[in-house]
file protein-v5.txt (compact mmCIF, C-alpha atoms)
# COMPACT_ATOMS: atom_id res chain seq x y z
CA ASP K 1 52.91 -285.42 19.49
CA GLY K 2 49.17 -285.56 20.20
CA ASP K 3 47.91 -285.17 16.63
CA ASN K 4 46.37 -288.67 16.70
CA CYS K 5 48.61 -289.79 13.82
CA PHE K 6 50.63 -292.99 13.96
CA ASP K 7 53.94 -291.15 13.60
CA VAL K 8 56.18 -294.02 14.68
CA ILE K 9 54.71 -296.44 12.16
CA GLU K 10 54.49 -293.77 9.45
CA ALA K 11 58.22 -293.14 9.92
CA GLY K 12 58.93 -296.78 9.15
CA PHE K 13 59.55 -298.06 12.66
CA SER K 14 57.67 -300.69 14.68
CA ASP K 15 55.48 -299.85 17.66
CA GLY K 16 54.63 -303.20 19.20
CA ASP K 17 52.88 -301.80 22.28
CA GLU K 18 51.09 -299.13 20.21
CA ASP K 19 51.97 -296.36 22.63
CA GLY K 20 53.14 -294.01 19.87
CA ILE K 21 56.60 -293.65 21.43
CA LEU K 22 59.66 -294.51 19.37
CA CYS K 23 62.03 -295.00 22.28
CA LEU K 24 61.80 -295.66 25.98
CA SER K 25 59.98 -292.93 27.86
CA PRO K 26 60.58 -290.11 28.57
CA VAL K 27 61.48 -288.46 25.27
CA ILE K 28 62.44 -284.90 24.32
CA VAL K 29 60.36 -283.15 21.64
CA ASP K 30 60.90 -279.89 19.77
CA SER K 31 58.38 -277.06 19.36
CA LEU K 32 56.58 -279.02 16.65
CA GLY K 33 56.27 -282.12 18.79
CA VAL K 34 58.91 -284.04 16.88
CA VAL K 35 60.87 -286.52 19.01
CA VAL K 36 64.49 -285.36 18.94
CA GLU K 37 66.06 -287.28 21.81
CA CYS K 38 65.46 -290.24 24.12
CA LYS K 39 66.08 -289.57 27.80
CA ALA K 40 65.30 -292.97 29.23
CA GLU K 41 67.86 -294.85 31.28
CA LEU K 42 68.84 -296.73 28.13
CA GLU K 43 68.40 -295.21 24.69
CA CYS K 44 67.12 -297.38 21.91
CA SER K 45 67.53 -298.02 18.21
CA PRO K 46 64.93 -299.08 15.64
CA LEU K 47 64.97 -302.71 14.57
CA ASN K 48 67.57 -303.14 11.84
CA ILE K 49 66.89 -306.40 10.03
CA THR K 50 70.37 -306.33 8.51
CA ASN K 51 71.68 -307.21 11.99
CA TYR K 52 70.01 -310.62 11.75
CA ASN K 53 70.18 -313.59 9.42
CA MET K 54 66.98 -315.30 8.33
CA VAL K 55 67.30 -319.04 7.73
CA GLY K 56 65.06 -321.64 6.10
CA SER K 57 61.37 -320.78 5.79
CA THR K 58 61.64 -317.50 7.75
CA GLN K 59 59.96 -314.38 6.36
CA PHE K 60 60.11 -310.81 7.67
CA ILE K 61 56.63 -309.27 7.92
CA SER K 62 57.14 -305.55 7.50
CA SER K 63 53.59 -304.57 8.47
CA ASP K 64 54.25 -305.35 12.13
CA SER K 65 58.04 -305.93 12.13
CA SER K 66 57.60 -309.58 13.03
CA TYR K 67 59.32 -312.71 11.82
CA LEU K 68 57.24 -315.62 10.51
CA LEU K 69 59.47 -318.61 11.25
CA THR K 70 57.13 -321.23 9.80
CA GLU K 71 53.80 -321.16 8.10
CA GLN K 72 51.03 -323.61 8.91
CA GLN K 73 52.58 -326.21 6.61
CA ASN K 74 54.29 -329.52 7.26
CA ASP K 75 58.05 -330.01 7.28
CA GLN K 76 59.17 -326.40 7.60
CA SER K 77 61.97 -324.95 9.69
CA GLY K 78 63.09 -321.40 10.27
CA ALA K 79 65.47 -319.39 12.40
CA VAL K 80 66.60 -315.81 12.97
CA TRP K 81 70.15 -315.34 14.30
CA SER K 82 72.06 -312.29 15.44
CA LEU K 83 75.01 -311.63 13.15
CA ASP K 84 76.95 -310.19 16.09
CA ARG K 85 77.87 -312.39 19.00
CA ILE K 86 77.18 -311.37 22.58
CA ASP K 87 79.59 -311.73 25.49
CA LEU K 88 78.15 -313.89 28.26
CA SER K 89 80.57 -312.40 30.77
CA LYS K 90 78.23 -309.38 30.64
CA GLU K 91 74.51 -309.05 31.36
CA PHE K 92 71.83 -309.25 28.72
CA GLU K 93 68.06 -309.13 28.50
CA VAL K 94 65.89 -309.98 25.50
CA GLN K 95 62.18 -309.22 25.48
CA ALA K 96 60.04 -310.63 22.69
CA LYS K 97 56.49 -311.46 21.76
CA LEU K 98 55.80 -315.04 20.68
CA ASN K 99 52.83 -316.24 18.64
CA LEU K 100 52.62 -320.01 18.50
CA GLY K 101 49.71 -320.29 16.07
CA SER K 102 46.07 -321.20 16.56
CA LEU K 103 45.85 -324.95 15.86
CA THR K 104 45.25 -326.49 19.26
CA SER K 105 44.43 -330.14 18.59
CA ASN K 106 47.25 -331.00 16.19
CA GLY K 107 49.50 -327.96 16.23
CA ALA K 108 53.28 -328.29 16.34
CA ASP K 109 56.04 -327.93 17.18
CA GLY K 110 56.89 -324.67 18.96
CA ILE K 111 59.50 -321.90 19.23
CA ALA K 112 62.89 -321.87 20.97
CA PHE K 113 65.22 -319.12 22.16
CA VAL K 114 68.74 -320.37 21.59
CA LEU K 115 72.29 -319.36 22.47
CA GLN K 116 74.78 -321.19 20.25
CA GLN K 117 78.25 -321.06 18.73
CA THR K 118 77.74 -323.08 15.53
CA SER K 119 76.87 -320.50 12.89
CA THR K 120 74.30 -317.93 11.82
CA ALA K 121 72.82 -320.47 9.39
CA ALA K 122 71.97 -323.24 11.87
CA VAL K 123 68.48 -324.78 11.85
CA SER K 124 67.07 -328.29 12.03
CA THR K 125 63.96 -329.84 10.51
CA GLY K 126 61.15 -332.06 11.68
CA GLY K 127 59.83 -332.12 15.22
CA THR K 128 62.94 -330.49 16.65
CA ILE K 129 61.56 -326.96 17.25
CA GLY K 130 64.37 -325.91 14.91
CA TYR K 131 67.18 -326.28 17.47
CA GLY K 132 67.72 -330.06 17.35
CA ASN K 133 71.37 -331.13 17.18
CA ILE K 134 72.72 -327.55 17.34
CA SER K 135 75.70 -328.00 19.66
CA PRO K 136 76.97 -326.47 21.80
CA SER K 137 73.83 -324.56 22.71
CA LEU K 138 71.52 -323.46 25.51
CA ASP K 139 67.93 -323.98 24.39
CA VAL K 140 64.78 -322.51 25.92
CA GLU K 141 61.92 -324.33 24.24
CA PHE K 142 58.25 -323.39 24.11
CA ASP K 143 56.96 -326.79 23.06
CA THR K 144 53.42 -327.21 21.76
CA TYR K 145 53.49 -330.91 20.84
CA CYS K 146 53.55 -333.77 23.30
CA ASN K 147 56.20 -336.38 22.54
CA SER K 148 55.35 -338.93 25.20
CA PRO K 149 53.61 -342.32 25.32
CA ALA K 150 51.16 -340.72 27.76
CA CYS K 151 49.95 -338.63 24.81
CA GLY K 152 49.92 -341.53 22.37
CA SER K 153 53.30 -340.73 20.84
CA THR K 154 55.85 -343.42 20.00
CA THR K 155 58.59 -340.90 20.83
CA ASP K 156 59.35 -340.40 24.51
CA TYR K 157 60.97 -337.06 25.30
CA GLY K 158 59.38 -336.90 28.74
CA ASP K 159 56.93 -334.21 27.61
CA ILE K 160 53.85 -333.28 29.59
CA SER K 161 50.50 -333.03 27.81
CA ASP K 162 50.31 -329.25 28.32
CA ASP K 163 52.15 -326.76 26.15
CA HIS K 164 55.28 -326.09 28.13
CA VAL K 165 58.60 -324.31 28.57
CA ALA K 166 61.80 -326.19 29.39
CA ILE K 167 65.56 -325.70 29.09
CA GLN K 168 67.81 -328.12 27.24
CA THR K 169 71.43 -328.10 26.09
CA ASN K 170 73.25 -329.03 22.89
CA GLY K 171 70.16 -329.50 20.76
CA ILE K 172 68.90 -332.56 22.64
CA LEU K 173 65.13 -332.36 23.15
CA ASP K 174 64.81 -335.36 25.49
CA HIS K 175 63.77 -334.23 28.97
CA ASN K 176 64.77 -337.64 30.29
CA SER K 177 68.39 -337.00 29.36
CA ALA K 178 71.25 -335.24 31.14
CA ASN K 179 70.73 -332.38 28.67
CA ASN K 180 67.57 -331.33 30.48
CA LEU K 181 68.33 -328.43 32.85
CA VAL K 182 64.75 -327.42 33.66
CA PRO K 183 61.92 -329.94 33.22
CA PRO K 184 58.67 -329.01 31.44
CA ILE K 185 56.56 -326.28 33.04
CA SER K 186 52.99 -325.73 31.83
CA ILE K 187 52.27 -322.43 30.07
CA GLY K 188 49.16 -320.69 28.81
CA THR K 189 45.53 -320.86 29.83
CA ALA K 190 44.72 -324.45 30.79
CA GLY K 191 48.07 -325.46 29.31
CA ASN K 192 47.42 -324.03 25.86
CA VAL K 193 49.33 -321.23 24.08
CA GLU K 194 48.19 -322.10 20.56
CA ASP K 195 45.56 -319.40 20.80
CA GLY K 196 46.67 -317.07 18.01
CA LEU K 197 47.67 -314.42 20.55
CA TRP K 198 50.98 -312.66 21.21
CA HIS K 199 52.65 -313.75 24.44
CA ASN K 200 55.42 -311.78 26.16
CA ALA K 201 58.65 -313.63 26.88
CA THR K 202 61.76 -312.30 28.63
CA PHE K 203 65.20 -313.92 28.82
CA ALA K 204 67.67 -312.38 31.28
CA TRP K 205 71.24 -313.33 32.21
CA ASN K 206 73.30 -312.04 35.14
CA PRO K 207 76.84 -313.44 35.05
CA SER K 208 77.78 -312.09 38.49
CA THR K 209 75.14 -314.30 40.13
CA MET K 210 75.09 -316.85 37.29
CA LEU K 211 71.32 -316.50 37.21
CA PHE K 212 69.37 -317.13 34.02
CA GLU K 213 65.68 -316.23 34.18
CA VAL K 214 62.77 -316.80 31.82
CA SER K 215 59.45 -314.99 32.18
CA PHE K 216 56.28 -315.69 30.24
CA ASP K 217 53.33 -313.32 30.14
CA GLY K 218 54.75 -311.36 33.06
CA VAL K 219 55.41 -314.35 35.33
CA THR K 220 58.94 -315.56 36.08
CA LEU K 221 58.74 -319.31 35.47
CA ILE K 222 62.43 -320.20 35.49
CA SER K 223 65.26 -319.01 37.74
CA LEU K 224 68.23 -321.21 36.94
CA THR K 225 71.64 -320.83 38.56
CA ILE K 226 74.18 -322.10 36.04
CA ASP K 227 77.70 -321.36 34.83
CA ILE K 228 76.66 -321.08 31.17
CA ILE K 229 80.12 -320.11 29.91
CA ASN K 230 81.93 -323.12 31.35
CA SER K 231 79.24 -325.80 31.65
CA VAL K 232 77.70 -325.26 28.20
CA PHE K 233 80.27 -323.40 26.09
CA ASN K 234 83.57 -324.80 27.41
CA GLY K 235 84.86 -321.44 28.59
CA ASN K 236 84.05 -319.44 25.45
CA PRO K 237 81.71 -316.53 26.39
CA ASN K 238 80.91 -315.35 22.86
CA VAL K 239 77.68 -316.72 21.38
CA TYR K 240 75.10 -316.07 18.70
CA TRP K 241 71.51 -315.77 19.86
CA GLY K 242 68.19 -316.14 18.10
CA PHE K 243 64.84 -317.87 17.71
CA THR K 244 64.02 -321.13 15.94
CA ALA K 245 60.89 -323.09 15.04
CA SER K 246 59.92 -326.11 12.98
CA THR K 247 57.01 -328.27 11.88
CA GLY K 248 56.85 -331.96 11.01
CA GLY K 249 53.76 -334.05 10.36
CA ALA K 250 51.78 -331.45 12.33
CA SER K 251 52.16 -327.69 11.92
CA ASN K 252 51.33 -324.17 13.03
CA ASP K 253 52.27 -320.60 12.24
CA HIS K 254 55.21 -319.60 14.44
CA ARG K 255 55.99 -315.90 14.78
CA PHE K 256 58.02 -313.63 17.01
CA ARG K 257 58.82 -309.96 17.22
CA PHE K 258 61.15 -307.99 19.43
CA ASN K 259 59.94 -305.84 22.30
CA ASN K 260 63.51 -304.80 23.02
CA ALA K 261 66.92 -306.27 23.60
CA THR K 262 69.62 -304.86 25.83
CA PHE K 263 73.22 -306.06 25.88
CA PHE K 264 75.69 -304.64 28.39
CA ASN K 265 78.86 -305.81 26.68
CA ALA K 266 81.65 -304.79 24.36
CA LEU K 267 80.23 -306.59 21.35
CA ILE K 268 76.76 -305.05 21.45
CA ASP K 269 75.45 -302.16 23.54
CA GLN K 270 71.98 -301.54 22.21
CA THR K 271 68.34 -301.44 23.15
CA ILE K 272 65.90 -302.22 20.35
CA CYS K 273 62.86 -299.97 20.37
CA ASN K 274 59.38 -301.38 20.79
call {"tool": "encode", "arguments": {"input": "protein-v5.txt", "output": "C-alpha cells"}}
result
Amino acid sequence: DGDNCFDVIEAGFSDGDEDGILCLSPVIVDSLGVVVECKAELECSPLNITNYNMVGSTQFISSDSSYLLTEQQNDQSGAVWSLDRIDLSKEFEVQAKLNLGSLTSNGADGIAFVLQQTSTAAVSTGGTIGYGNISPSLDVEFDTYCNSPACGSTTDYGDISDDHVAIQTNGILDHNSANNLVPPISIGTAGNVEDGLWHNATFAWNPSTMLFEVSFDGVTLISLTIDIINSVFNGNPNVYWGFTASTGGASNDHRFRFNNATFFNALIDQTICN
C-alpha cells in the first residue's frame, strides 16, 4: 500500500520475489490500501505447510518459507511431498527456487523434482538424490556430483563432470540405462550451481500435447514428448509430487521454496502465492 512496510511478510505470508504483493498482480485494495481481492487470471493462496509432508531430515524455515531438505552433513536424506495427488490428465505447472548449497569441490548430491505413486513418506539415502528406488516415478534430477570414471568415481552412472539436469524413471539414477529419458544437460555458470544462490526452476505438463518441459533460470532446457500416464504410471493418472535430496560421503545444504504452483484438475485447483 505504499507505506514502505513489509505487509505481506508481517501478515505471516512469504514474498519470495520481494515485490510486496500477496497474490498475482493486479490486486484490489480498499480505501486504506489493504489488499481485499486478487484480480489476476488465476487467484492464489498462501503456502499452507499442512498440505505437504516433510520426510527425513527436512526442516521448514519459517523466516523465508523455504524447506531445508538436507544440511551440510553426511548421510542425510529429505523430501517434501504433496498430501493431495494431482491428475496427470490435466495440466500443471510448478515454479520453485532451488538452492543447491555452496560447496563446489566436494558438494553432493543434488535435488530432484519427482512424480510418484508410492507414498507421501518415500525417500532414499546415500548418493541417490533422495529419489533412488522410488518406483514408479518420473524423476527430474539436478545432480551436483559426478558419478563417472571420467571424474574418478568407481560408480558409472554416465554423469558429465558439470552439474546437470536429467530425467530418469522409477528411481534409477543410471543415465546408461533404459530409465534415462533425457541425458545430462549442463546447468549453471561454467557448469556449477553450488554457488549458494537461488535458482528458478519450472516444471510444466500439457497432457493434450504430451509435452513435459523443464526450465532453469529462465531457459527451457528440456522439452520432452512422453505419455507419462501410460509409459511411466501404467495408466493411473493420479500421482504425488514433491522434492527430494540426499547426501552421502559428500554433502551440501539443499533447499527449495515455492514460487507458485498451478494445477488445472479436479483434485487440486490452486495457485500458491509467491
call {"tool": "atom_distance", "arguments": {"input": "protein-v5.txt", "atom1": "atom CA of K:Asn259", "atom2": "atom CA of K:Leu98"}}
result
10.2 Å
call {"tool": "atom_distance", "arguments": {"input": "protein-v5.txt", "atom1": "atom CA of K:Ser65", "atom2": "atom CA of K:Leu83"}}
result
17.9 Å
call {"tool": "closest_atom_pairs", "arguments": {"input": "protein-v5.txt", "of": "stretch 27-144 of chain K", "to": "stretch 222-230 of chain K", "cutoff": "10 Å", "atoms": "only C-alpha atoms", "output": "Markdown table"}}
result
| residue | atom | partner | partner_atom | distance |
| --- | --- | --- | --- | --- |
| K:Asp87 | CA | K:Ile229 | CA | 9.5 |
| K:Leu88 | CA | K:Ile229 | CA | 6.7 |
| K:Ser89 | CA | K:Ile229 | CA | 7.8 |
| K:Leu115 | CA | K:Ile228 | CA | 9.9 |
| K:Ser137 | CA | K:Ile228 | CA | 9.6 |
| K:Leu138 | CA | K:Ile228 | CA | 8.0 |
call {"tool": "write_last_selection", "arguments": {"input": "protein-v5.txt", "atoms": "C-alpha atoms", "output": "short mmCIF file (atom, residue, chain, number, x, y, z; two decimals), keeping the file's coordinate frame"}}
result
data_model
loop_
_atom_site.label_atom_id
_atom_site.label_comp_id
_atom_site.auth_asym_id
_atom_site.auth_seq_id
_atom_site.Cartn_x
_atom_site.Cartn_y
_atom_site.Cartn_z
CA ASP K 87 79.59 -311.73 25.49
CA LEU K 88 78.15 -313.89 28.26
CA SER K 89 80.57 -312.40 30.77
CA LEU K 115 72.29 -319.36 22.47
CA SER K 137 73.83 -324.56 22.71
CA LEU K 138 71.52 -323.46 25.51
#
call {"tool": "closest_residue", "arguments": {"input": "protein-v5.txt", "among": "K:Phe216, K:Thr144, K:Ser251, K:Thr118", "to": "K:Ala204", "atoms": "all atoms listed in the file"}}
result
K:Phe216
call {"tool": "closest_residue", "arguments": {"input": "protein-v5.txt", "among": "K:Asn170, K:Asn147, K:Asn238, K:Asn176", "to": "K:Ser135", "atoms": "all atoms listed in the file"}}
result
K:Asn170
call {"tool": "atom_distance", "arguments": {"input": "protein-v5.txt", "atom1": "atom CA of K:His199", "atom2": "atom CA of K:Leu100"}}
result
8.6 Å
call {"tool": "residues_around", "arguments": {"input": "protein-v5.txt", "residues": "stretch 184-187 of chain K", "least_positions_apart": "6", "cutoff": "10 Å", "atoms": "only C-alpha atoms", "output": "PyMOL selection string"}}
result
chain K and resi 141-144+158-167+175+193+216-217+221-222
